[in-house]
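Visitor: Input file: model23.pdb. Contents: PDB, C-alpha atoms.
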ATOM      1  CA  MET A  23     105.575 132.327 139.913
ATOM      2  CA  ALA A  24     108.891 130.520 140.424
ATOM      3  CA  SER A  25     111.988 131.468 138.489
ATOM      4  CA  PRO A  26     113.963 128.802 136.596
ATOM      5  CA  ILE A  27     116.840 127.330 138.514
ATOM      6  CA  ALA A  28     120.213 128.822 137.696
ATOM      7  CA  PRO A  29     122.048 127.264 134.733
ATOM      8  CA  LEU A  30     124.462 124.503 135.684
ATOM      9  CA  ALA A  31     127.192 125.988 133.534
ATOM     10  CA  PRO A  32     129.718 127.641 135.851
ATOM     11  CA  VAL A  33     130.777 131.221 135.433
ATOM     12  CA  ALA A  34     133.314 131.146 132.661
ATOM     13  CA  ALA A  35     135.563 133.334 130.599
ATOM     14  CA  ALA A  36     137.896 136.096 131.581
ATOM     15  CA  ALA A  37     135.062 138.598 131.512
ATOM     16  CA  GLY A  38     133.602 136.874 134.537
ATOM     17  CA  THR A  39     130.089 136.585 133.115
ATOM     18  CA  ALA A  40     127.993 133.458 132.691
ATOM     19  CA  ARG A  41     127.918 132.228 129.100
ATOM     20  CA  PRO A  42     124.599 131.375 127.445
ATOM     21  CA  LEU A  43     126.435 129.191 124.899
ATOM     22  CA  GLY A  44     127.171 125.502 125.345
ATOM     23  CA  LEU A  45     128.765 123.067 122.900
ATOM     24  CA  GLY A  46     126.501 120.371 121.507
ATOM     25  CA  THR A  47     128.525 117.390 120.346
ATOM     26  CA  ALA A  48     126.164 115.475 118.050
ATOM     27  CA  PRO A  49     128.206 116.651 115.014
ATOM     28  CA  LEU A  50     131.353 115.275 116.667
ATOM     29  CA  GLY A  51     129.662 111.876 116.547
ATOM     30  CA  ASN A  52     129.819 112.113 112.738
ATOM     31  CA  LEU A  53     126.268 113.374 112.220
ATOM     32  CA  PHE A  54     125.594 113.569 108.450
ATOM     33  CA  THR A  55     129.320 113.405 107.668
ATOM     34  CA  GLY A  56     132.552 112.089 109.133
ATOM     35  CA  VAL A  57     134.598 114.426 111.353
ATOM     36  CA  PRO A  58     138.346 113.764 111.660
ATOM     37  CA  GLU A  59     139.628 113.194 115.174
ATOM     38  CA  GLU A  60     141.862 116.259 115.028
ATOM     39  CA  ASP A  61     138.912 118.482 114.034
ATOM     40  CA  ALA A  62     136.818 117.161 116.907
ATOM     41  CA  ALA A  63     139.611 117.784 119.402
ATOM     42  CA  ALA A  64     140.195 121.285 118.009
ATOM     43  CA  ALA A  65     136.484 122.144 118.248
ATOM     44  CA  ILE A  66     136.346 121.190 121.931
ATOM     45  CA  GLY A  67     139.677 122.864 122.704
ATOM     46  CA  THR A  68     138.587 126.073 120.990
ATOM     47  CA  ALA A  69     135.308 126.074 122.905
ATOM     48  CA  TRP A  70     137.303 125.844 126.117
ATOM     49  CA  ASP A  71     139.619 128.674 125.069
ATOM     50  CA  LEU A  72     136.582 130.871 124.347
ATOM     51  CA  GLY A  73     135.230 130.297 127.848
ATOM     52  CA  ILE A  74     132.563 127.729 127.014
ATOM     53  CA  ARG A  75     132.218 125.380 129.955
ATOM     54  CA  SER A  76     128.991 123.491 129.220
ATOM     55  CA  PHE A  77     129.166 120.385 127.020
ATOM     56  CA  ASP A  78     126.303 118.141 125.950
ATOM     57  CA  THR A  79     126.591 114.607 124.594
ATOM     58  CA  ALA A  80     124.666 111.314 124.415
ATOM     59  CA  PRO A  81     125.297 107.628 123.755
ATOM     60  CA  LEU A  82     123.309 108.019 120.519
ATOM     61  CA  TYR A  83     125.716 110.566 119.061
ATOM     62  CA  GLY A  84     127.974 108.458 116.892
ATOM     63  CA  TYR A  85     126.917 105.396 118.900
ATOM     64  CA  GLY A  86     129.334 106.290 121.667
ATOM     65  CA  GLU A  87     131.917 108.184 119.622
ATOM     66  CA  SER A  88     130.846 111.668 120.775
ATOM     67  CA  GLU A  89     131.225 110.660 124.434
ATOM     68  CA  ARG A  90     134.638 109.119 123.795
ATOM     69  CA  ARG A  91     135.890 112.184 121.931
ATOM     70  CA  LEU A  92     134.563 114.597 124.545
ATOM     71  CA  GLY A  93     136.139 112.604 127.350
ATOM     72  CA  ARG A  94     139.531 112.559 125.647
ATOM     73  CA  ALA A  95     139.461 116.291 124.930
ATOM     74  CA  LEU A  96     138.526 117.239 128.496
ATOM     75  CA  ARG A  97     140.642 114.670 130.299
ATOM     76  CA  ASP A  98     143.262 117.144 131.508
ATOM     77  CA  ARG A  99     140.836 119.988 132.275
ATOM     78  CA  PRO A 100     139.911 120.789 135.896
ATOM     79  CA  ARG A 101     136.770 118.747 136.485
ATOM     80  CA  ASP A 102     135.065 121.313 138.706
ATOM     81  CA  GLU A 103     135.347 124.024 136.036
ATOM     82  CA  TYR A 104     132.950 122.527 133.492
ATOM     83  CA  THR A 105     129.635 120.697 133.281
ATOM     84  CA  ILE A 106     128.730 117.696 131.159
ATOM     85  CA  SER A 107     125.260 116.484 130.316
ATOM     86  CA  THR A 108     124.564 113.117 128.738
ATOM     87  CA  LYS A 109     121.459 111.027 128.203
ATOM     88  CA  VAL A 110     119.751 107.710 128.866
ATOM     89  CA  GLY A 111     117.165 105.695 126.972
ATOM     90  CA  ARG A 112     119.354 104.068 124.346
ATOM     91  CA  LEU A 113     122.008 101.446 124.976
ATOM     92  CA  ILE A 114     124.699 100.938 122.352
ATOM     93  CA  ARG A 115     124.926  97.247 121.551
ATOM     94  CA  GLU A 116     127.347  95.417 119.266
ATOM     95  CA  GLY A 117     125.529  93.346 116.685
ATOM     96  CA  ALA A 118     122.114  94.921 117.266
ATOM     97  CA  PRO A 119     120.108  95.505 114.068
ATOM     98  CA  PRO A 120     119.964  99.083 112.752
ATOM     99  CA  SER A 121     117.374 101.198 114.562
ATOM    100  CA  PRO A 122     114.777 102.367 111.994
ATOM    101  CA  GLU A 123     114.443 105.895 113.430
ATOM    102  CA  GLN A 124     118.172 106.393 112.835
ATOM    103  CA  LEU A 125     117.867 105.781 109.092
ATOM    104  CA  HIS A 126     116.772 108.015 106.233
ATOM    105  CA  ASP A 127     116.510 106.494 102.767
ATOM    106  CA  GLY A 128     118.435 103.531 104.141
ATOM    107  CA  GLU A 129     121.368 105.646 105.329
ATOM    108  CA  HIS A 130     122.413 106.170 108.953
ATOM    109  CA  PHE A 131     122.304 109.748 110.220
ATOM    110  CA  TYR A 132     125.551 108.994 112.066
ATOM    111  CA  LYS A 133     128.363 107.910 109.784
ATOM    112  CA  THR A 134     129.976 105.210 111.886
ATOM    113  CA  SER A 135     131.901 102.047 111.228
ATOM    114  CA  GLY A 136     131.433  98.774 113.056
ATOM    115  CA  ARG A 137     128.376  96.757 114.034
ATOM    116  CA  ALA A 138     127.116  98.709 117.064
ATOM    117  CA  ASN A 139     123.619 100.185 117.013
ATOM    118  CA  PRO A 140     121.325 101.897 119.535
ATOM    119  CA  VAL A 141     118.659  99.883 121.380
ATOM    120  CA  PHE A 142     115.816 101.580 123.285
ATOM    121  CA  ASP A 143     115.742 100.900 127.033
ATOM    122  CA  TYR A 144     113.918 103.266 129.391
ATOM    123  CA  GLY A 145     113.762 100.777 132.243
ATOM    124  CA  TYR A 146     115.289 101.388 135.675
ATOM    125  CA  ASP A 147     118.116  98.877 135.208
ATOM    126  CA  GLY A 148     118.757  99.999 131.632
ATOM    127  CA  VAL A 149     119.232 103.578 132.802
ATOM    128  CA  MET A 150     121.747 102.485 135.415
ATOM    129  CA  ARG A 151     123.666 100.490 132.805
ATOM    130  CA  SER A 152     123.539 103.411 130.385
ATOM    131  CA  LEU A 153     125.078 105.829 132.884
ATOM    132  CA  GLU A 154     127.793 103.336 133.809
ATOM    133  CA  GLU A 155     128.689 102.837 130.147
ATOM    134  CA  SER A 156     128.655 106.588 129.456
ATOM    135  CA  LEU A 157     131.044 107.218 132.343
ATOM    136  CA  GLU A 158     133.369 104.563 130.954
ATOM    137  CA  ARG A 159     133.347 106.143 127.490
ATOM    138  CA  LEU A 160     133.849 109.628 128.959
ATOM    139  CA  GLY A 161     136.585 108.478 131.314
ATOM    140  CA  LEU A 162     134.853 110.318 134.180
ATOM    141  CA  ASP A 163     133.433 109.404 137.561
ATOM    142  CA  ARG A 164     130.377 111.647 137.241
ATOM    143  CA  VAL A 165     128.236 113.756 134.955
ATOM    144  CA  ASP A 166     126.361 116.842 136.077
ATOM    145  CA  LEU A 167     123.062 116.595 134.236
ATOM    146  CA  LEU A 168     121.326 113.445 132.990
ATOM    147  CA  TYR A 169     118.484 113.603 130.465
ATOM    148  CA  ILE A 170     115.928 111.024 129.384
ATOM    149  CA  HIS A 171     116.507 111.025 125.630
ATOM    150  CA  ASP A 172     113.667 111.106 123.045
ATOM    151  CA  PRO A 173     111.023 109.019 124.863
ATOM    152  CA  ASP A 174     108.407 109.932 122.232
ATOM    153  CA  ASP A 175     106.895 106.435 122.031
ATOM    154  CA  HIS A 176     107.876 105.359 125.539
ATOM    155  CA  TYR A 177     106.215 107.811 127.923
ATOM    156  CA  ALA A 178     104.906 105.311 130.470
ATOM    157  CA  GLU A 179     108.173 103.395 130.635
ATOM    158  CA  ALA A 180     110.134 106.630 130.935
ATOM    159  CA  VAL A 181     108.025 107.797 133.890
ATOM    160  CA  GLU A 182     107.888 104.440 135.641
ATOM    161  CA  GLY A 183     111.472 103.354 134.972
ATOM    162  CA  ALA A 184     113.863 106.054 133.766
ATOM    163  CA  TYR A 185     112.479 108.821 135.962
ATOM    164  CA  ARG A 186     112.649 106.648 139.098
ATOM    165  CA  ALA A 187     116.286 105.855 138.296
ATOM    166  CA  LEU A 188     117.202 109.486 137.651
ATOM    167  CA  ASP A 189     115.367 110.680 140.744
ATOM    168  CA  SER A 190     117.282 108.140 142.834
ATOM    169  CA  LEU A 191     120.613 109.214 141.304
ATOM    170  CA  ARG A 192     119.771 112.839 142.086
ATOM    171  CA  GLU A 193     118.770 112.034 145.654
ATOM    172  CA  GLN A 194     122.055 110.156 146.167
ATOM    173  CA  GLY A 195     124.040 113.074 144.732
ATOM    174  CA  VAL A 196     125.398 110.939 141.869
ATOM    175  CA  VAL A 197     124.109 113.609 139.431
ATOM    176  CA  ARG A 198     123.354 117.237 140.224
ATOM    177  CA  ALA A 199     120.279 117.567 138.041
ATOM    178  CA  ILE A 200     117.938 115.516 135.851
ATOM    179  CA  GLY A 201     115.838 116.288 132.814
ATOM    180  CA  VAL A 202     114.316 115.213 129.518
ATOM    181  CA  GLY A 203     115.598 116.023 126.033
ATOM    182  CA  MET A 204     113.213 115.936 123.082
ATOM    183  CA  ASN A 205     112.430 117.355 119.644
ATOM    184  CA  GLN A 206     108.863 118.159 120.691
ATOM    185  CA  SER A 207     107.257 120.347 123.325
ATOM    186  CA  GLY A 208     103.923 118.645 124.006
ATOM    187  CA  MET A 209     105.317 115.636 125.837
ATOM    188  CA  LEU A 210     107.789 117.814 127.725
ATOM    189  CA  ALA A 211     104.763 119.662 129.078
ATOM    190  CA  ASP A 212     103.372 116.310 130.237
ATOM    191  CA  PHE A 213     106.654 115.529 131.991
ATOM    192  CA  ALA A 214     106.575 118.943 133.668
ATOM    193  CA  ARG A 215     103.159 118.159 135.121
ATOM    194  CA  ASP A 216     103.787 114.524 136.069
ATOM    195  CA  ALA A 217     107.274 114.512 137.612
ATOM    196  CA  ARG A 218     109.921 116.721 139.199
ATOM    197  CA  PHE A 219     112.616 117.688 136.715
ATOM    198  CA  ASP A 220     115.310 120.356 136.879
ATOM    199  CA  TYR A 221     115.915 120.942 133.159
ATOM    200  CA  PHE A 222     114.547 120.209 129.732
ATOM    201  CA  LEU A 223     116.618 120.122 126.572
ATOM    202  CA  LEU A 224     114.198 121.527 124.016
ATOM    203  CA  ALA A 225     115.520 120.764 120.537
ATOM    204  CA  GLY A 226     114.265 122.650 117.506
ATOM    205  CA  ARG A 227     110.948 123.793 118.972
ATOM    206  CA  TYR A 228     111.857 127.337 119.908
ATOM    207  CA  THR A 229     113.664 128.776 116.930
ATOM    208  CA  LEU A 230     113.186 131.404 114.251
ATOM    209  CA  LEU A 231     111.241 128.787 112.265
ATOM    210  CA  ASP A 232     109.283 127.019 115.003
ATOM    211  CA  GLN A 233     107.957 128.600 118.183
ATOM    212  CA  GLY A 234     105.745 125.652 119.059
ATOM    213  CA  ALA A 235     106.845 125.717 122.701
ATOM    214  CA  LEU A 236     105.815 129.325 123.261
ATOM    215  CA  ASP A 237     102.224 129.013 124.431
ATOM    216  CA  GLU A 238     102.273 125.970 126.722
ATOM    217  CA  LEU A 239     105.688 124.574 127.585
ATOM    218  CA  LEU A 240     107.722 127.702 128.258
ATOM    219  CA  PRO A 241     105.166 129.305 130.617
ATOM    220  CA  LEU A 242     104.800 125.954 132.386
ATOM    221  CA  CYS A 243     108.558 125.756 132.904
ATOM    222  CA  LEU A 244     108.635 129.277 134.311
ATOM    223  CA  GLU A 245     105.827 128.375 136.693
ATOM    224  CA  ASN A 246     107.516 125.172 137.860
ATOM    225  CA  GLY A 247     111.105 126.401 137.979
ATOM    226  CA  ILE A 248     112.335 124.099 135.206
ATOM    227  CA  GLY A 249     115.313 125.470 133.309
ATOM    228  CA  ILE A 250     115.387 125.190 129.526
ATOM    229  CA  ASN A 251     118.489 124.513 127.480
ATOM    230  CA  ALA A 252     117.573 125.180 123.850
ATOM    231  CA  GLY A 253     119.149 122.880 121.283
ATOM    232  CA  GLY A 254     118.707 122.663 117.559
ATOM    233  CA  VAL A 255     118.406 126.430 117.248
ATOM    234  CA  LEU A 256     119.524 126.185 113.614
ATOM    235  CA  ASN A 257     116.927 123.441 112.995
ATOM    236  CA  SER A 258     119.706 121.043 111.950
ATOM    237  CA  GLY A 259     121.083 123.311 109.238
ATOM    238  CA  ILE A 260     118.384 125.218 107.389
ATOM    239  CA  LEU A 261     118.978 128.354 109.495
ATOM    240  CA  ALA A 262     122.657 128.234 108.621
ATOM    241  CA  ASP A 263     122.076 128.043 104.881
ATOM    242  CA  PRO A 264     118.539 127.746 103.438
ATOM    243  CA  SER A 265     119.747 126.434 100.088
ATOM    244  CA  PRO A 266     118.228 123.504  98.180
ATOM    245  CA  GLY A 267     119.057 120.309 100.038
ATOM    246  CA  ALA A 268     119.157 122.028 103.442
ATOM    247  CA  THR A 269     117.963 119.890 106.340
ATOM    248  CA  PHE A 270     115.175 120.626 108.810
ATOM    249  CA  ASP A 271     114.886 118.244 111.753
ATOM    250  CA  TYR A 272     117.615 116.062 110.227
ATOM    251  CA  VAL A 273     115.901 115.358 106.890
ATOM    252  CA  PRO A 274     115.656 117.405 103.681
ATOM    253  CA  ALA A 275     113.508 120.462 104.287
ATOM    254  CA  SER A 276     110.128 120.814 102.646
ATOM    255  CA  ALA A 277     109.494 123.522 100.084
ATOM    256  CA  GLU A 278     107.413 125.416 102.664
ATOM    257  CA  ARG A 279     110.197 125.337 105.270
ATOM    258  CA  LEU A 280     112.706 126.529 102.655
ATOM    259  CA  ARG A 281     110.375 129.386 101.724
ATOM    260  CA  GLN A 282     109.978 130.350 105.370
ATOM    261  CA  ALA A 283     113.714 130.253 106.056
ATOM    262  CA  ARG A 284     114.496 132.292 102.956
ATOM    263  CA  ALA A 285     111.955 134.917 103.977
ATOM    264  CA  VAL A 286     113.708 135.253 107.338
ATOM    265  CA  ALA A 287     117.067 135.391 105.574
ATOM    266  CA  GLU A 288     115.827 138.210 103.318
ATOM    267  CA  VAL A 289     114.873 140.321 106.339
ATOM    268  CA  CYS A 290     118.267 139.672 107.911
ATOM    269  CA  ALA A 291     120.094 140.581 104.701
ATOM    270  CA  ARG A 292     118.184 143.861 104.511
ATOM    271  CA  HIS A 293     119.661 144.772 107.888
ATOM    272  CA  ASP A 294     123.117 143.387 107.034
ATOM    273  CA  VAL A 295     122.801 140.732 109.745
ATOM    274  CA  PRO A 296     123.903 137.118 109.152
ATOM    275  CA  LEU A 297     120.977 134.716 109.379
ATOM    276  CA  ILE A 298     122.873 132.536 111.865
ATOM    277  CA  ALA A 299     123.357 135.516 114.197
ATOM    278  CA  ALA A 300     119.617 136.107 114.389
ATOM    279  CA  ALA A 301     118.940 132.387 114.792
ATOM    280  CA  LEU A 302     121.398 132.079 117.678
ATOM    281  CA  GLN A 303     120.218 135.175 119.505
ATOM    282  CA  PHE A 304     116.460 134.846 119.139
ATOM    283  CA  PRO A 305     115.889 131.994 121.669
ATOM    284  CA  THR A 306     118.000 133.673 124.358
ATOM    285  CA  ALA A 307     115.409 136.437 124.777
ATOM    286  CA  HIS A 308     112.851 134.159 126.400
ATOM    287  CA  PRO A 309     113.129 134.182 130.216
ATOM    288  CA  ALA A 310     112.611 130.411 130.442
ATOM    289  CA  ILE A 311     115.718 129.695 128.376
ATOM    290  CA  GLY A 312     118.984 129.731 130.286
ATOM    291  CA  SER A 313     121.348 128.652 127.507
ATOM    292  CA  ILE A 314     121.578 127.430 123.945
ATOM    293  CA  LEU A 315     123.500 124.364 122.831
ATOM    294  CA  VAL A 316     125.063 124.710 119.406
ATOM    295  CA  GLY A 317     126.913 121.990 117.564
ATOM    296  CA  ALA A 318     130.127 122.426 115.600
ATOM    297  CA  ARG A 319     132.394 120.195 113.533
ATOM    298  CA  ASN A 320     135.614 122.150 113.748
ATOM    299  CA  GLU A 321     137.390 125.126 115.298
ATOM    300  CA  ARG A 322     136.086 127.596 112.719
ATOM    301  CA  GLU A 323     132.440 126.784 113.387
ATOM    302  CA  VAL A 324     132.937 127.159 117.137
ATOM    303  CA  ARG A 325     134.550 130.567 116.676
ATOM    304  CA  ASP A 326     131.861 131.684 114.230
ATOM    305  CA  ASN A 327     129.053 130.697 116.600
ATOM    306  CA  ASP A 328     130.699 132.475 119.518
ATOM    307  CA  ARG A 329     131.204 135.639 117.473
ATOM    308  CA  LEU A 330     127.731 135.668 115.930
ATOM    309  CA  LEU A 331     126.056 135.250 119.300
ATOM    310  CA  SER A 332     127.099 138.823 120.079
ATOM    311  CA  HIS A 333     126.736 140.277 116.568
ATOM    312  CA  PRO A 334     124.815 143.611 116.730
ATOM    313  CA  ILE A 335     121.202 143.274 115.618
ATOM    314  CA  PRO A 336     118.980 146.362 115.228
ATOM    315  CA  ALA A 337     115.593 146.278 116.935
ATOM    316  CA  GLN A 338     113.928 146.985 113.590
ATOM    317  CA  LEU A 339     114.953 143.550 112.306
ATOM    318  CA  TRP A 340     112.810 141.861 114.951
ATOM    319  CA  GLU A 341     109.959 144.265 114.243
ATOM    320  CA  ASP A 342     110.158 143.457 110.536
ATOM    321  CA  LEU A 343     110.025 139.721 111.262
ATOM    322  CA  ARG A 344     107.002 140.250 113.490
ATOM    323  CA  GLU A 345     105.209 142.456 110.932
ATOM    324  CA  ARG A 346     105.707 139.801 108.262
ATOM    325  CA  ARG A 347     104.401 137.160 110.688
ATOM    326  CA  LEU A 348     107.669 135.284 110.538
ATOM    327  CA  ILE A 349     107.820 135.086 114.333
ATOM    328  CA  ALA A 350     104.945 134.702 116.768
ATOM    329  CA  PRO A 351     103.330 137.929 118.065
ATOM    330  CA  GLY A 352     104.069 137.029 121.697
ATOM    331  CA  ALA A 353     107.648 135.903 121.255
ATOM    332  CA  PRO A 354     110.156 137.993 123.243
ATOM    333  CA  VAL A 355     113.013 139.399 121.164
ATOM    334  CA  PRO A 356     116.551 140.433 122.121
ATOM    335  CA  GLY A 357     117.316 144.020 122.965
TER     336      GLY A 357
END
Could you quickly redo this structure as structure tokens?
Guide:
Amino acid sequence: MASPIAPLAPVAAAAGTARPLGLGTAPLGNLFTGVPEEDAAAAIGTAWDLGIRSFDTAPLYGYGESERRLGRALRDRPRDEYTISTKVGRLIREGAPPSPEQLHDGEHFYKTSGRANPVFDYGYDGVMRSLEESLERLGLDRVDLLYIHDPDDHYAEAVEGAYRALDSLREQGVVRAIGVGMNQSGMLADFARDARFDYFLLAGRYTLLDQGALDELLPLCLENGIGINAGGVLNSGILADPSPGATFDYVPASAERLRQARAVAEVCARHDVPLIAAALQFPTAHPAIGSILVGARNEREVRDNDRLLSHPIPAQLWEDLRERRLIAPGAPVPG
């Protein structure tokens, strides 16, 4: 059985150890709410000061705004000391009609101004244009890792077009690694069988609330040497605060998901452990997962996430979750 390839994130921090934490920048693209420019810059600067050297973005995030903000914040940092991943599959086009999957109750997930909207394009030429435009927004001459982004309804085009483009870019050394980023595990398993990828960004499908990737995808990635970067480990907010109105997968959580999250929170409270600490640490125990990507809107959230990732958690907490069937019987736990 092959081992996953080593994480791209370079060894960081004064301690000289590799960090399992990367900064996801969807919130810095004004996801759900506007983020002032100074808060975005402070979040990225604080991540750097804490030793975080892996940053993930995408054209979709704020319709280009996340990439622009990340590029500005990192402009004076030594380029060889950090890694950036971005994505292909959506081009940002001025005057394009709103994309239906980016709306909920008529409102955009990303609170942006202007007339630009995302347009799906998983073709070979579209991928090349997407990378060129991302580099321009980032102000960089290269990215390290390039993902095919959310090809849920575009599998054939992604394999025949986007994958060929990414494979060519990898062969030429334009990017160091290629992958797919999705909010589901089933199609990622198909990609693992049908093509040669280095990484998957698995969003929201290996968390305290959803271990859907446990039985098929994660063993398949271990077998094929595909590294997993876990995103959405807070399931878009419900594992930060399971209060009424909390979001799960970017929309208001169902009553059943709220009940489940509150049950997990009750176990954590009994052991005096913040729910977010358990949510951040749980995915890191699986050997297929090399890092987690966690979003933040400001300096405080970055510091909190960094601190809670190392918060002490007694082994009994995980046993209690397992006994109450709140996590899968076969899920590895920290410790």
Visitor: Skipping near chain neighbours, those fewer than 2 positions away, what residues fall within 12 Å of A:Ala69 using all atoms listed in the file, listed as an NGL selection string?
Guide: :A and (34-35 or 41 or 43-47 or 62-67 or 71-77 or 92 or 95-96 or 104 or 315-329)
Visitor: For stretch 295-310 of chain A, please output as a list in words all residues within 7 Å (counting all atoms listed in the file; exclusion window: fewer than 5 positions along the same chain).
Guide: Pro26, Tyr228, Thr229, Leu230, Leu240, Cys243, Leu244, Gly249, Ile250, Val255, Leu256, Leu261, Ala262, Ala287, Cys290, Leu330, Leu331, His333, Ile335, Pro354, Val355 and Pro356 of chain A
Visitor: Using 8 Å of padding on each side, determine the axis-aligned box around all atoms of stretch 61-71 of chain A present in the file and give its centre and edge lengths in Å to one decimal, as JSON.
Guide:
{"center_x": 137.8, "center_y": 122.9, "center_z": 120.1, "size_x": 20.9, "size_y": 27.5, "size_z": 28.1}
Visitor: Rounded to one decimal in Å, what is the spacing between atom CA of A:Glu129 and atom CA of A:Pro49?
Guide: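 Separation between atom CA of A:Glu129 and atom CA of A:Pro49: 16.2 Å.
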Visitor: Residues of stretch 67-107 of chain A within 12 Å of stretch 171-182 of chain A: nearest atom pair and distance (Å, one decimal) for each, counting only C-alpha atoms, sorted by chain and number, as a tab-separated table?
Guide:
residue	atom	partner	partner_atom	distance
A:Thr79	CA	A:His171	CA	10.8
A:Ala80	CA	A:His171	CA	8.3
A:Pro81	CA	A:His171	CA	9.6
A:Leu82	CA	A:His171	CA	9.0
A:Tyr83	CA	A:His171	CA	11.3
A:Ser107	CA	A:His171	CA	11.3
Visitor: At what distance in Å, to one decimal, does atom CA of A:Gln206 lie from atom CA of A:Leu239?
Guide: 9.9 Å
Visitor: Hey, can you check how far atom CA of A:Arg347 sits from atom CA of A:Asp294?
Guide: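 Atom CA of A:Asp294 lies at a distance of 20.1 Å from atom CA of A:Arg347.
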Visitor: So what does the PyMOL selection byres ((chain A and resi 348) around 8) actually pick up in this one, as a PyMOL selection string?
Guide: chain A and resi 230-231+282+285-286+343-347+349-350
Visitor: Choose the residue, out of A:Gly201, A:Gly226, A:Gly195, A:Pro266, that has the smallest atom-to-atom separation from A:Gly253; count all atoms listed in the file.
Guide: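 Result for the nearest residue to A:Gly253: A:Gly226.
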Visitor: Would you write out, as a PyMOL selection string, every residue that the PyMOL selection byres ((chain A and resi 55) around 10) captures in this file?
Guide: chain A and resi 49-54+56-58+131-134+319
Visitor: Considering only C-alpha atoms, state which residue in the set A:Ser258, A:Asn246, A:Ser121, A:Ser313 is at the smallest distance from A:Arg218.
Guide: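 Closest residue, counting only C-alpha atoms: A:Asn246.
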Visitor: Can you pull out the residues contacting A:Pro336? Cut-off 8 Å, using only C-alpha atoms, and skip same-chain residues under 3 positions away; I want them as a list of chain:residue names.
Guide: A:His293, A:Leu339, A:Trp340
Visitor: When the PyMOL selection byres ((chain A and resi 101) around 12) is applied to the structure above, which residues does it catch, written out as a ChimeraX atom specification?
Guide: /A:32,75-76,93,96-100,102-106,161-166
Visitor: The selected residues should be written to file as a PDB file, in the frame of the given file (atoms: C-alpha atoms).
Guide:
ATOM      1  CA  PRO A  32     129.718 127.641 135.851  1.00  0.00           C
ATOM      2  CA  ARG A  75     132.218 125.380 129.955  1.00  0.00           C
ATOM      3  CA  SER A  76     128.991 123.491 129.220  1.00  0.00           C
ATOM      4  CA  GLY A  93     136.139 112.604 127.350  1.00  0.00           C
ATOM      5  CA  LEU A  96     138.526 117.239 128.496  1.00  0.00           C
ATOM      6  CA  ARG A  97     140.642 114.670 130.299  1.00  0.00           C
ATOM      7  CA  ASP A  98     143.262 117.144 131.508  1.00  0.00           C
ATOM      8  CA  ARG A  99     140.836 119.988 132.275  1.00  0.00           C
ATOM      9  CA  PRO A 100     139.911 120.789 135.896  1.00  0.00           C
ATOM     10  CA  ASP A 102     135.065 121.313 138.706  1.00  0.00           C
ATOM     11  CA  GLU A 103     135.347 124.024 136.036  1.00  0.00           C
ATOM     12  CA  TYR A 104     132.950 122.527 133.492  1.00  0.00           C
ATOM     13  CA  THR A 105     129.635 120.697 133.281  1.00  0.00           C
ATOM     14  CA  ILE A 106     128.730 117.696 131.159  1.00  0.00           C
ATOM     15  CA  GLY A 161     136.585 108.478 131.314  1.00  0.00           C
ATOM     16  CA  LEU A 162     134.853 110.318 134.180  1.00  0.00           C
ATOM     17  CA  ASP A 163     133.433 109.404 137.561  1.00  0.00           C
ATOM     18  CA  ARG A 164     130.377 111.647 137.241  1.00  0.00           C
ATOM     19  CA  VAL A 165     128.236 113.756 134.955  1.00  0.00           C
ATOM     20  CA  ASP A 166     126.361 116.842 136.077  1.00  0.00           C
TER      21      ASP A 166
END
Visitor: Considering all atoms listed in the file, return as number ranges by chain whatever protein or nucleic-acid residues lie within 12 Å of A:Ser207, sequence-local ones (same chain, fewer than 5 positions apart) excluded.
Guide: A: 172, 174, 202, 212-214, 222-228, 232-243, 250, 252
Visitor: Counting only C-alpha atoms, I want the residues whose atoms come within 8 Å of (118.0, 102.3, 117.3) in the file frame, returned as a list in words.
Guide: Arg112, Pro119, Pro120, Ser121, Pro122, Glu123, Gln124, Asn139, Pro140, Val141 and Phe142 of chain A
Visitor: For the selection just defined, write its residues with C-alpha atoms to a file, as an mmCIF file, in the frame of the given file.
Guide:
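Okay, part11.cif is ready:
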data_model
loop_
_atom_site.group_PDB
_atom_site.id
_atom_site.type_symbol
_atom_site.label_atom_id
_atom_site.label_comp_id
_atom_site.auth_asym_id
_atom_site.auth_seq_id
_atom_site.Cartn_x
_atom_site.Cartn_y
_atom_site.Cartn_z
ATOM 1 C CA ARG A 112 119.354 104.068 124.346
ATOM 2 C CA PRO A 119 120.108 95.505 114.068
ATOM 3 C CA PRO A 120 119.964 99.083 112.752
ATOM 4 C CA SER A 121 117.374 101.198 114.562
ATOM 5 C CA PRO A 122 114.777 102.367 111.994
ATOM 6 C CA GLU A 123 114.443 105.895 113.430
ATOM 7 C CA GLN A 124 118.172 106.393 112.835
ATOM 8 C CA ASN A 139 123.619 100.185 117.013
ATOM 9 C CA PRO A 140 121.325 101.897 119.535
ATOM 10 C CA VAL A 141 118.659 99.883 121.380
ATOM 11 C CA PHE A 142 115.816 101.580 123.285
#
Visitor: With all atoms listed in the file as the counted atoms, please give the residues lying no more than 8 Å from A:Arg159, apart from itself and same-chain residues fewer than 3 positions off, as a tab-separated table (two decimals) with C-alpha atoms, keeping the file's coordinate frame.
Guide:
chain	number	residue	atom	x	y	z
A	86	GLY	CA	129.33	106.29	121.67
A	89	GLU	CA	131.22	110.66	124.43
A	90	ARG	CA	134.64	109.12	123.80
A	93	GLY	CA	136.14	112.60	127.35
A	155	GLU	CA	128.69	102.84	130.15
A	156	SER	CA	128.66	106.59	129.46
Visitor: Return the single residue from A:Ile200, A:Glu341, A:Gln194, A:Ala48 that is closest to A:Arg91, with distances computed using all atoms listed in the file.
Guide: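 Closest to A:Arg91 of all the choices is A:Ala48.
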Visitor: Under the rule that only C-alpha atoms are counted, which of A:Pro264, A:Pro274, A:Gly312, A:Gly136 is the nearest residue to A:Tyr221?
Guide: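 Checking each candidate against A:Tyr221, we get A:Gly312 as the closest.
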